[in-house]
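Undergrad: Below is one structure. I have some questions about it.
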There are 4 protein chains.
Amino acid sequence: MTLKVALFGAGRIGHVHAKSIRAHAGSELVVVSDVVPEAAAALAAEYGIRTASKDEILADPAIDAILVGSSTDTHADLIEAGIAAGKAVFCEKPIDLDLQRSLDCLAAVEAVGLPVMLGFNRRFDPQFAALKSAFERGEIGKGELLTITSFDPGLPPIDYIRTSGGLFRDMAIHDFDIACWLFGAMPVRVFASGSALVDSAVAEAGDIDTAVVVLEFADGRIATIRNSRRAAYGYDQRVELLGEGGMLSLGNILENTVVKATADGVIGAKPEHFFLERYMRAYQEEWAQFVAAVTAGTPVPATVQDGVNALRIADAALRSLRSGAPVEL
Amino acid sequence: MTLKVALFGAGRIGHVHAKSIRAHAGSELVVVSDVVPEAAAALAAEYGIRTASKDEILADPAIDAILVGSSTDTHADLIEAGIAAGKAVFCEKPIDLDLQRSLDCLAAVEAVGLPVMLGFNRRFDPQFAALKSAFERGEIGKGELLTITSFDPGLPPIDYIRTSGGLFRDMAIHDFDIACWLFGAMPVRVFASGSALVDSAVAEAGDIDTAVVVLEFADGRIATIRNSRRAAYGYDQRVELLGEGGMLSLGNILENTVVKATADGVIGAKPEHFFLERYMRAYQEEWAQFVAAVTAGTPVPATVQDGVNALRIADAALRSLRSGAPVEL
Amino acid sequence: MTLKVALFGAGRIGHVHAKSIRAHAGSELVVVSDVVPEAAAALAAEYGIRTASKDEILADPAIDAILVGSSTDTHADLIEAGIAAGKAVFCEKPIDLDLQRSLDCLAAVEAVGLPVMLGFNRRFDPQFAALKSAFERGEIGKGELLTITSFDPGLPPIDYIRTSGGLFRDMAIHDFDIACWLFGAMPVRVFASGSALVDSAVAEAGDIDTAVVVLEFADGRIATIRNSRRAAYGYDQRVELLGEGGMLSLGNILENTVVKATADGVIGAKPEHFFLERYMRAYQEEWAQFVAAVTAGTPVPATVQDGVNALRIADAALRSLRSGAPVEL
Amino acid sequence: MTLKVALFGAGRIGHVHAKSIRAHAGSELVVVSDVVPEAAAALAAEYGIRTASKDEILADPAIDAILVGSSTDTHADLIEAGIAAGKAVFCEKPIDLDLQRSLDCLAAVEAVGLPVMLGFNRRFDPQFAALKSAFERGEIGKGELLTITSFDPGLPPIDYIRTSGGLFRDMAIHDFDIACWLFGAMPVRVFASGSALVDSAVAEAGDIDTAVVVLEFADGRIATIRNSRRAAYGYDQRVELLGEGGMLSLGNILENTVVKATADGVIGAKPEHFFLERYMRAYQEEWAQFVAAVTAGTPVPATVQDGVNALRIADAALRSLRSGAPVEL
């Protein structure tokens, strides 16, 4: 069976997913929809497919699944509309910036039996998967202290920041998800510290650009998230997990392996620049696992519940930042 | 214009090329031919294309280019037949194990104006390309001492070795090509040292499995090639180029970036296992450059002349090994 | 002038300092004192020097300086007695586990003009010094986010832990000092999270073995300290400092540079095992700077004030841990 | 027993050895001799010892051992005079630039039972020792292909080159020794390739500055030595040993572990600059092993025979370079 897919959203991430759908032997992209008709038309032309409205897509019995890559404020609605139309749904994170709206969506998803998967891409990155697999094989025994570093290469436009939900919901949410995924548990207490150091416009927009979040788990394990919106050397994505038997860590993938040694020192390449480069393989793998979940019934590896969990932590971090005190979950 | 391509050879490397052809927006795989009909049929089914005989393909005016991925003894014939039929040709290395046959083929190619490209994949690897580019930007000034390490992960079947043309023509030929490509010159003298250390069956087959070749260039520059058929840790592909201003080097790509630190030491992943993994991106890039050469008239970046040059060095290395003395080129 | 030195404490750290004193051309170890006469006698025999009581040493006008390497509860008394006797003092950290006692000692030191230096060894490590120097040259611009990792190779005896003052005063105090030293400021708020994960006996002793401390500075900069009493792979001492222009980081020194690549992976040596190996050069350098401060009048590079500052942070961390809330400084 | 030592040669390497002698608890430097009286006087003043003539030293029954760090042309004479006077001898390499003179000296040494040790410092470097030890524990099984890289940071004065005996006898001789030491055998055939690329004055002085030497062993093992007199990034000292079970390699020690990541790339420190920095610990260790050989009767770990072996290979390499053909040993 080839999965017939409709794509919502013809922007940058929409193109990434279109490519993954085409590259997968078990899925076929058949239609695209975007609120900007020119964007939909361009993607449709590139892939030799048609464009359609949301209603046309949902009414089309030939469509097996929808991929939601449109703006955040459409996610929950499209998830609910998709499952109401009997379609499997793959949706970019987050479900919604509002926790209650996300919980409503979760309830709707749980009420039907259809596969709904969230695009927590890092879980599907071969590096993260290799670390988790080594951890689960017991190579360092019980985990104790986890540190996730996630620095973006540069500040996004202030307009983006203004509607992003803030650093914790927009950026750290991936790290909160990874912490829960690796430790197999939700934290019980969250403390956040943050500043706007990169650009004062960030503070004016009510956000921060540099943060540390400490997550405490019921059994005493601790996770620390370090975030910055601006690392001059590129996208910095690392994990360190200390356990009773030692440490598992995951480093950056460099742009190339060429090293130059001169009188000035030994100079290597920077990390891959940003998420589209760094997580290219993760995007392909998450799609493959979604296709398998729909066509072969394998478990959905990143659920709406996972999205709710990460958002809960992000909300707690924001409350901690504002109150100056740790927040119980 | 979309380049219509016929593939000769439906084996392992044929599948690699079929994938590259499909992934490229400017080329389309339309037909496959193989001496084993079942192999051709399987690839054709996978890609939704037809199979055909050599003669049918050459006679088909709708075919713009042929990709030769069949056995070595068919290469020179298919190159000549392809250009005689007016088609562009991409051919896996080598042209032929026999130098005279290769020279005849070169003469035929030079007599027509059609693009004919050899699959010296390493030239197209982003790592090798980055090193060459840095060298050509003058980052270490004039080159002096080049070392190329090329170890395979394990001995191929002895039957393969018997018909391979020997380690120099089969394996080191890539390294000879890279040395000439980086130094922009042919060596003037070749000295080879080699042994069968991995398996005595290699010696019985008249070949070696471990070798060092020294290439001397007219202006005093020296290149050393190190080869082994068996590195227990995987495919070892490295380059070091010492110049007046320092060194440029190129390391292995590891299977992943996960590192485990325990009481036993700090343990990282092995290099990517073999050429299909390590040079995956090189295969895509060489195809893109071939398509550009055919459709946009850019220079062919790995020519039949390059193939003849590398074979000359391989032959000289073999004569040096047998005579025990250096051989002038 | 050769500095004549008396050593208090003939234990492990006393021997380290005795070696540094002897290796320095400008200082001479002349006498040792220890509450365990056999320990003093053994060190005296090894170095061909005499033993003496505390009072004899303080009364001896030939003694220029005392080095205090005896137990923590003697530090403040010996500093005060030393300066009262007109001697320069080098004292192992901490001044005292009690903040008020430390403040009294600071007042006494400030009342006289004599050089008194604390043994914050990391400041003198060539690696830490190189990082600080690069930072002060402006190589990454303004600092934003600092992370200090400090893991010991294994749990000390529980009896040691019971009298150590706890993880923050005993172990993290070095990290608090380094954070202030690098950022050139005291934090304004401290949040601590900690658990006893390595051994339940640690909890029974009223201490923790795993901790994260977040330090917030007045201008928004953030430092995170990560501590564990047990890293199976050895002493893990690293620093990462993210600034506007990039990152400066400092890695572990490995036991050797030998790497083994086999079918099991690529295996390197562990970090140097513990502080005596890792900071051997730091101990020599701190002594050289003390000698220079006494004989050439250069500034004392680690003062009693620095010791008070670090202890204030440790106390705040402990209050934060106990209260569950951040503590203002 | 404390070994009473006389030092011949108060130059740079003489000072290195003087420091090692003083640092060792079992040896005492008592007298120094140099053809330049001012040099001897300066070292004597620094160490609080006396100066003396060669004859006075040899006639002094209180001297147990002599350390020969004077110019190469004095080595063989001083070894022979030393053992004739009943003293143990530690002599810098080489014995002599002339093979016959070296053989005569070897005969003299073998005729008496006194410990005579050559300063092949690399054997005593902890890195080289760790690699050899891992190899001898069988961690990669039988060795097959050895590569030794030895690049100096810069060209010495041409006057030095003129009297040095040439790159093979002066510089590569260490690498020849290491190859024999690791493989436990002498090569049976030597091929050398070399050029003067760094400075044409080197060629005018009859020497080369860039070289590759291939050593073939009776059982088929191959070693390659790579030499350059000028690596802009510092002293490059590496070993790679491929065996049936994988590879053991030994990397450079960097000046520090600080890494700077910026928009320009990831920049680390250079290798330690030259032999005095890189092999500081080796000098201490070789002296300790000499003292043990003399006082405890442990085997001399680098003999005059080893010096003769390395010189034989150097001579063969030179003959190969001049004749253009491999040379049998």
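Starting from 1 in every chain, residues are counted up; chains themselves are A, B, ... following the order of the structure tokens, and ligands are numbered from 1 as listed.
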Identify, on the basis of only C-alpha atoms, every residue whose closest approach to region 267-284 of chain A does not exceed 10 Å; exclude the query and any residue fewer than 4 positions from it along the same chain; express the result as number ranges by chain.
TA: A: 12-13, 16-17, 19-21, 23-24, 119-129, 151-154, 232-237, 251-262, 288-289; B: 248-250; D: 259-270
Undergrad: Contacts of Ile313 (chain D) at 10 Å or less, counting only C-alpha atoms, minus same-chain residues fewer than 3 places along, as a VMD selection string?
TA: chain D and resid 168 to 169 172 to 173 176 to 177 180 186 to 191 213 215 308 to 310 316 to 319 327 to 329
Undergrad: Would you mind listing, as a PyMOL selection string, all residues of chain B that have at least one atom within 10 Å of chain D, where only C-alpha atoms are what counts?
TA: chain B and resi 140+142-147+151+153+189+191-198+210-216+219-224+226-228+230-234+242-247+324-327
Undergrad: Name the residues of region 4-193 of chain B that fall into helix (DSSP H, G or I) according to DSSP on the backbone, using the chain letters and numbers of this document, as a VMD selection string.
TA: chain B and resid 12 to 23 37 to 47 54 to 59 72 to 84 99 to 111 121 to 124 126 to 136 158 to 162 167 to 183
Undergrad: Would you put the residues from that selection into a file with C-alpha atoms, as a short mmCIF file (atom, residue, chain, number, x, y, z; two decimals), in the first residue's frame?
TA:
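Result written to selection00.cif:
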```
data_model
loop_
_atom_site.label_atom_id
_atom_site.label_comp_id
_atom_site.auth_asym_id
_atom_site.auth_seq_id
_atom_site.Cartn_x
_atom_site.Cartn_y
_atom_site.Cartn_z
CA ARG B 12 25.23 -3.22 -6.31
CA ILE B 13 26.82 -0.18 -7.93
CA GLY B 14 24.05 -0.11 -10.53
CA HIS B 15 21.54 0.34 -7.74
CA VAL B 16 23.61 3.17 -6.25
CA HIS B 17 23.61 4.98 -9.57
CA ALA B 18 19.92 4.30 -10.21
CA LYS B 19 19.16 6.03 -6.92
CA SER B 20 21.31 9.04 -7.85
CA ILE B 21 19.65 9.32 -11.25
CA ARG B 22 16.20 9.29 -9.71
CA ALA B 23 17.10 11.76 -6.99
CA PRO B 37 17.98 -10.86 -16.97
CA GLU B 38 16.62 -11.39 -13.46
CA ALA B 39 18.86 -8.63 -12.08
CA ALA B 40 17.73 -6.22 -14.79
CA ALA B 41 14.09 -7.14 -14.20
CA ALA B 42 14.35 -6.60 -10.44
CA LEU B 43 15.87 -3.16 -10.80
CA ALA B 44 13.38 -2.27 -13.52
CA ALA B 45 10.49 -3.29 -11.29
CA GLU B 46 11.84 -1.31 -8.37
CA TYR B 47 12.14 1.83 -10.47
CA LYS B 54 22.47 -3.33 -25.34
CA ASP B 55 21.64 -2.99 -29.02
CA GLU B 56 18.12 -1.76 -28.38
CA ILE B 57 19.43 0.89 -26.02
CA LEU B 58 22.13 2.10 -28.36
CA ALA B 59 19.63 2.28 -31.21
CA THR B 72 35.11 -4.11 -15.90
CA ASP B 73 35.66 -6.12 -19.08
CA THR B 74 32.66 -4.41 -20.71
CA HIS B 75 33.69 -0.81 -19.93
CA ALA B 76 35.85 0.06 -22.94
CA ASP B 77 33.45 -1.59 -25.39
CA LEU B 78 30.44 0.21 -23.95
CA ILE B 79 32.20 3.56 -23.91
CA GLU B 80 33.09 3.16 -27.58
CA ALA B 81 29.66 1.84 -28.54
CA GLY B 82 27.97 4.62 -26.57
CA ILE B 83 29.82 7.45 -28.23
CA ALA B 84 29.47 5.76 -31.60
CA LEU B 99 46.69 -0.06 -20.70
CA GLN B 100 46.71 -0.43 -24.49
CA ARG B 101 42.99 -1.15 -24.58
CA SER B 102 42.48 1.95 -22.43
CA LEU B 103 44.59 4.05 -24.78
CA ASP B 104 42.56 2.86 -27.76
CA CYS B 105 39.40 3.83 -25.94
CA LEU B 106 40.88 7.22 -25.10
CA ALA B 107 41.68 7.77 -28.78
CA ALA B 108 38.09 6.94 -29.71
CA VAL B 109 36.76 9.33 -27.09
CA GLU B 110 39.04 12.12 -28.19
CA ALA B 111 37.92 11.63 -31.79
CA ASN B 121 34.00 9.00 -6.88
CA ARG B 122 36.41 10.44 -4.30
CA ARG B 123 36.96 13.61 -6.32
CA PHE B 124 33.27 14.35 -5.72
CA PRO B 126 32.49 16.84 -0.14
CA GLN B 127 35.45 16.14 2.17
CA PHE B 128 37.96 15.65 -0.62
CA ALA B 129 36.51 18.62 -2.46
CA ALA B 130 36.82 20.81 0.64
CA LEU B 131 40.45 19.81 1.10
CA LYS B 132 41.30 20.48 -2.54
CA SER B 133 39.49 23.77 -2.45
CA ALA B 134 41.37 24.90 0.66
CA PHE B 135 44.64 23.83 -0.96
CA GLU B 136 43.86 25.74 -4.13
CA ILE B 158 39.67 -14.63 -3.38
CA ASP B 159 37.74 -15.15 -6.63
CA TYR B 160 37.24 -11.42 -6.84
CA ILE B 161 40.93 -10.81 -6.22
CA ARG B 162 41.89 -13.25 -8.95
CA LEU B 167 45.55 -4.35 -5.58
CA PHE B 168 47.17 -1.52 -7.53
CA ARG B 169 44.73 -1.54 -10.47
CA ASP B 170 41.68 -2.39 -8.40
CA MET B 171 42.09 -0.46 -5.18
CA ALA B 172 45.07 1.90 -5.24
CA ILE B 173 43.97 3.30 -8.60
CA HIS B 174 41.64 5.67 -6.71
CA ASP B 175 44.57 6.88 -4.63
CA PHE B 176 46.79 7.34 -7.67
CA ASP B 177 44.04 9.45 -9.21
CA ILE B 178 43.65 11.56 -6.06
CA ALA B 179 47.42 12.14 -5.88
CA CYS B 180 47.49 13.42 -9.48
CA TRP B 181 44.31 15.43 -8.94
CA LEU B 182 45.67 17.16 -5.84
CA PHE B 183 49.16 17.76 -7.19
#
```
Undergrad: Within region 14-187 of chain A, find each residue whose DSSP state, derived from the backbone, is strand (DSSP E or B), and express the selection as number ranges by chain.
TA: A: 27-33, 50-51, 65-68, 88-91, 116-118, 143-151
Undergrad: Write the residues of the selection above to a file with N, CA, C and O atoms, as a JSON list (two decimals), in the first residue's frame.
TA:
```json
[["chain", "number", "residue", "atom", "x", "y", "z"],
["A", 27, "SER", "N", 5.19, 6.12, 0.32],
["A", 27, "SER", "CA", 4.28, 7.26, 0.43],
["A", 27, "SER", "C", 4.32, 8.10, -0.84],
["A", 27, "SER", "O", 5.32, 8.11, -1.55],
["A", 28, "GLU", "N", 3.22, 8.79, -1.10],
["A", 28, "GLU", "CA", 3.13, 9.60, -2.31],
["A", 28, "GLU", "C", 2.44, 10.92, -1.95],
["A", 28, "GLU", "O", 1.36, 10.93, -1.37],
["A", 29, "LEU", "N", 3.07, 12.00, -2.30],
["A", 29, "LEU", "CA", 2.48, 13.31, -2.06],
["A", 29, "LEU", "C", 1.54, 13.61, -3.22],
["A", 29, "LEU", "O", 1.96, 13.61, -4.38],
["A", 30, "VAL", "N", 0.27, 13.87, -2.90],
["A", 30, "VAL", "CA", -0.68, 14.05, -4.00],
["A", 30, "VAL", "C", -1.25, 15.46, -4.09],
["A", 30, "VAL", "O", -1.70, 15.88, -5.15],
["A", 31, "VAL", "N", -1.23, 16.20, -2.98],
["A", 31, "VAL", "CA", -1.86, 17.52, -3.02],
["A", 31, "VAL", "C", -1.25, 18.40, -1.93],
["A", 31, "VAL", "O", -0.78, 17.90, -0.90],
["A", 32, "VAL", "N", -1.24, 19.72, -2.19],
["A", 32, "VAL", "CA", -0.70, 20.65, -1.21],
["A", 32, "VAL", "C", -1.68, 21.80, -1.03],
["A", 32, "VAL", "O", -2.36, 22.21, -1.98],
["A", 33, "SER", "N", -1.71, 22.33, 0.20],
["A", 33, "SER", "CA", -2.59, 23.45, 0.51],
["A", 33, "SER", "C", -1.81, 24.49, 1.30],
["A", 33, "SER", "O", -1.02, 24.13, 2.18],
["A", 50, "ARG", "N", -1.18, 18.57, -7.42],
["A", 50, "ARG", "CA", -2.20, 19.61, -7.52],
["A", 50, "ARG", "C", -2.29, 20.37, -6.18],
["A", 50, "ARG", "O", -1.77, 19.93, -5.16],
["A", 51, "THR", "N", -2.96, 21.52, -6.21],
["A", 51, "THR", "CA", -3.27, 22.24, -4.98],
["A", 51, "THR", "C", -4.75, 22.05, -4.67],
["A", 51, "THR", "O", -5.54, 21.71, -5.56],
["A", 65, "ALA", "N", -3.56, 10.37, 4.59],
["A", 65, "ALA", "CA", -2.90, 11.05, 5.72],
["A", 65, "ALA", "C", -2.67, 12.50, 5.38],
["A", 65, "ALA", "O", -2.47, 12.85, 4.20],
["A", 66, "ILE", "N", -2.68, 13.35, 6.41],
["A", 66, "ILE", "CA", -2.29, 14.74, 6.18],
["A", 66, "ILE", "C", -1.03, 15.05, 6.98],
["A", 66, "ILE", "O", -0.81, 14.51, 8.07],
["A", 67, "LEU", "N", -0.20, 15.90, 6.38],
["A", 67, "LEU", "CA", 1.01, 16.34, 7.05],
["A", 67, "LEU", "C", 0.85, 17.83, 7.32],
["A", 67, "LEU", "O", 0.74, 18.63, 6.37],
["A", 68, "VAL", "N", 0.83, 18.20, 8.58],
["A", 68, "VAL", "CA", 0.57, 19.58, 8.95],
["A", 68, "VAL", "C", 1.89, 20.32, 9.19],
["A", 68, "VAL", "O", 2.58, 20.10, 10.19],
["A", 88, "ALA", "N", -5.00, 9.75, 9.02],
["A", 88, "ALA", "CA", -3.84, 9.78, 9.91],
["A", 88, "ALA", "C", -3.21, 11.17, 9.81],
["A", 88, "ALA", "O", -3.30, 11.81, 8.75],
["A", 89, "VAL", "N", -2.60, 11.62, 10.91],
["A", 89, "VAL", "CA", -2.04, 12.98, 10.92],
["A", 89, "VAL", "C", -0.60, 12.97, 11.42],
["A", 89, "VAL", "O", -0.30, 12.40, 12.47],
["A", 90, "PHE", "N", 0.24, 13.64, 10.64],
["A", 90, "PHE", "CA", 1.59, 13.95, 11.11],
["A", 90, "PHE", "C", 1.61, 15.46, 11.25],
["A", 90, "PHE", "O", 1.36, 16.18, 10.30],
["A", 91, "CYS", "N", 1.93, 15.96, 12.45],
["A", 91, "CYS", "CA", 1.88, 17.40, 12.69],
["A", 91, "CYS", "C", 3.19, 17.90, 13.28],
["A", 91, "CYS", "O", 3.73, 17.29, 14.21],
["A", 116, "VAL", "N", -1.76, 9.64, 15.19],
["A", 116, "VAL", "CA", -1.41, 11.06, 15.14],
["A", 116, "VAL", "C", -0.01, 11.20, 15.73],
["A", 116, "VAL", "O", 0.23, 10.80, 16.87],
["A", 117, "MET", "N", 0.88, 11.75, 14.94],
["A", 117, "MET", "CA", 2.30, 11.82, 15.37],
["A", 117, "MET", "C", 2.77, 13.27, 15.34],
["A", 117, "MET", "O", 2.42, 14.03, 14.45],
["A", 118, "LEU", "N", 3.57, 13.62, 16.35],
["A", 118, "LEU", "CA", 4.15, 14.96, 16.39],
["A", 118, "LEU", "C", 5.60, 14.93, 15.89],
["A", 118, "LEU", "O", 6.33, 13.97, 16.15],
["A", 143, "GLY", "N", 20.91, 6.35, 34.86],
["A", 143, "GLY", "CA", 21.25, 7.75, 34.56],
["A", 143, "GLY", "C", 21.15, 8.62, 35.80],
["A", 143, "GLY", "O", 20.31, 8.37, 36.67],
["A", 144, "GLU", "N", 21.98, 9.63, 35.87],
["A", 144, "GLU", "CA", 21.98, 10.50, 37.05],
["A", 144, "GLU", "C", 21.85, 11.98, 36.69],
["A", 144, "GLU", "O", 21.03, 12.70, 37.25],
["A", 145, "LEU", "N", 22.69, 12.42, 35.76],
["A", 145, "LEU", "CA", 22.78, 13.85, 35.48],
["A", 145, "LEU", "C", 22.82, 14.02, 33.95],
["A", 145, "LEU", "O", 23.72, 13.53, 33.29],
["A", 146, "LEU", "N", 21.81, 14.71, 33.44],
["A", 146, "LEU", "CA", 21.68, 14.88, 32.00],
["A", 146, "LEU", "C", 21.86, 16.36, 31.66],
["A", 146, "LEU", "O", 21.31, 17.21, 32.36],
["A", 147, "THR", "N", 22.64, 16.64, 30.64],
["A", 147, "THR", "CA", 22.76, 18.03, 30.19],
["A", 147, "THR", "C", 22.51, 18.08, 28.70],
["A", 147, "THR", "O", 23.13, 17.34, 27.93],
["A", 148, "ILE", "N", 21.59, 18.93, 28.30],
["A", 148, "ILE", "CA", 21.28, 19.12, 26.89],
["A", 148, "ILE", "C", 21.65, 20.54, 26.50],
["A", 148, "ILE", "O", 21.21, 21.50, 27.14],
["A", 149, "THR", "N", 22.50, 20.65, 25.50],
["A", 149, "THR", "CA", 22.90, 21.95, 24.99],
["A", 149, "THR", "C", 22.21, 22.17, 23.66],
["A", 149, "THR", "O", 22.27, 21.31, 22.79],
["A", 150, "SER", "N", 21.56, 23.31, 23.53],
["A", 150, "SER", "CA", 20.87, 23.59, 22.28],
["A", 150, "SER", "C", 20.99, 25.08, 22.00],
["A", 150, "SER", "O", 20.27, 25.89, 22.59],
["A", 151, "PHE", "N", 21.94, 25.42, 21.14],
["A", 151, "PHE", "CA", 22.17, 26.82, 20.79],
["A", 151, "PHE", "C", 21.85, 26.99, 19.30],
["A", 151, "PHE", "O", 22.34, 26.23, 18.48]]
```
Undergrad: What does the structure give for the distance between CA of Arg137 (chain A) and CA of Leu241 (chain A), in Å to one decimal?
TA: 14.0 Å
Undergrad: Near Ala292 (chain A), within 12 Å and counting only C-alpha atoms, which residues show up once chain neighbours fewer than 2 positions away are dropped, as a PyMOL selection string?
TA: chain A and resi 1-3+24-27+88+115+117+285-290+294-301
Undergrad: Can you spit out the residues from that selection as an mmCIF file, in the first residue's frame, using C-alpha atoms?
TA:
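That gives us result-v7.cif:
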```cif
data_model
loop_
_atom_site.group_PDB
_atom_site.id
_atom_site.type_symbol
_atom_site.label_atom_id
_atom_site.label_comp_id
_atom_site.auth_asym_id
_atom_site.auth_seq_id
_atom_site.Cartn_x
_atom_site.Cartn_y
_atom_site.Cartn_z
ATOM 1 C CA MET A 1 0.000 0.000 0.000
ATOM 2 C CA THR A 2 1.252 3.441 -0.875
ATOM 3 C CA LEU A 3 0.194 6.134 1.579
ATOM 4 C CA HIS A 24 9.968 7.235 0.723
ATOM 5 C CA ALA A 25 8.936 4.292 -1.422
ATOM 6 C CA GLY A 26 5.746 3.778 0.621
ATOM 7 C CA SER A 27 4.275 7.261 0.432
ATOM 8 C CA ALA A 88 -3.839 9.779 9.911
ATOM 9 C CA PRO A 115 -2.359 7.471 14.297
ATOM 10 C CA MET A 117 2.297 11.824 15.370
ATOM 11 C CA GLU A 285 13.480 8.888 9.566
ATOM 12 C CA GLU A 286 10.495 10.453 11.349
ATOM 13 C CA TRP A 287 8.519 10.222 8.145
ATOM 14 C CA ALA A 288 9.489 6.583 7.685
ATOM 15 C CA GLN A 289 8.300 5.811 11.207
ATOM 16 C CA PHE A 290 5.031 7.628 10.599
ATOM 17 C CA VAL A 294 -0.023 4.052 9.617
ATOM 18 C CA THR A 295 0.578 1.151 7.266
ATOM 19 C CA ALA A 296 2.027 -1.490 9.587
ATOM 20 C CA GLY A 297 0.490 -0.503 12.871
ATOM 21 C CA THR A 298 3.780 0.084 14.711
ATOM 22 C CA PRO A 299 3.429 2.398 17.731
ATOM 23 C CA VAL A 300 3.410 6.125 17.064
ATOM 24 C CA PRO A 301 6.859 7.142 18.340
#
```
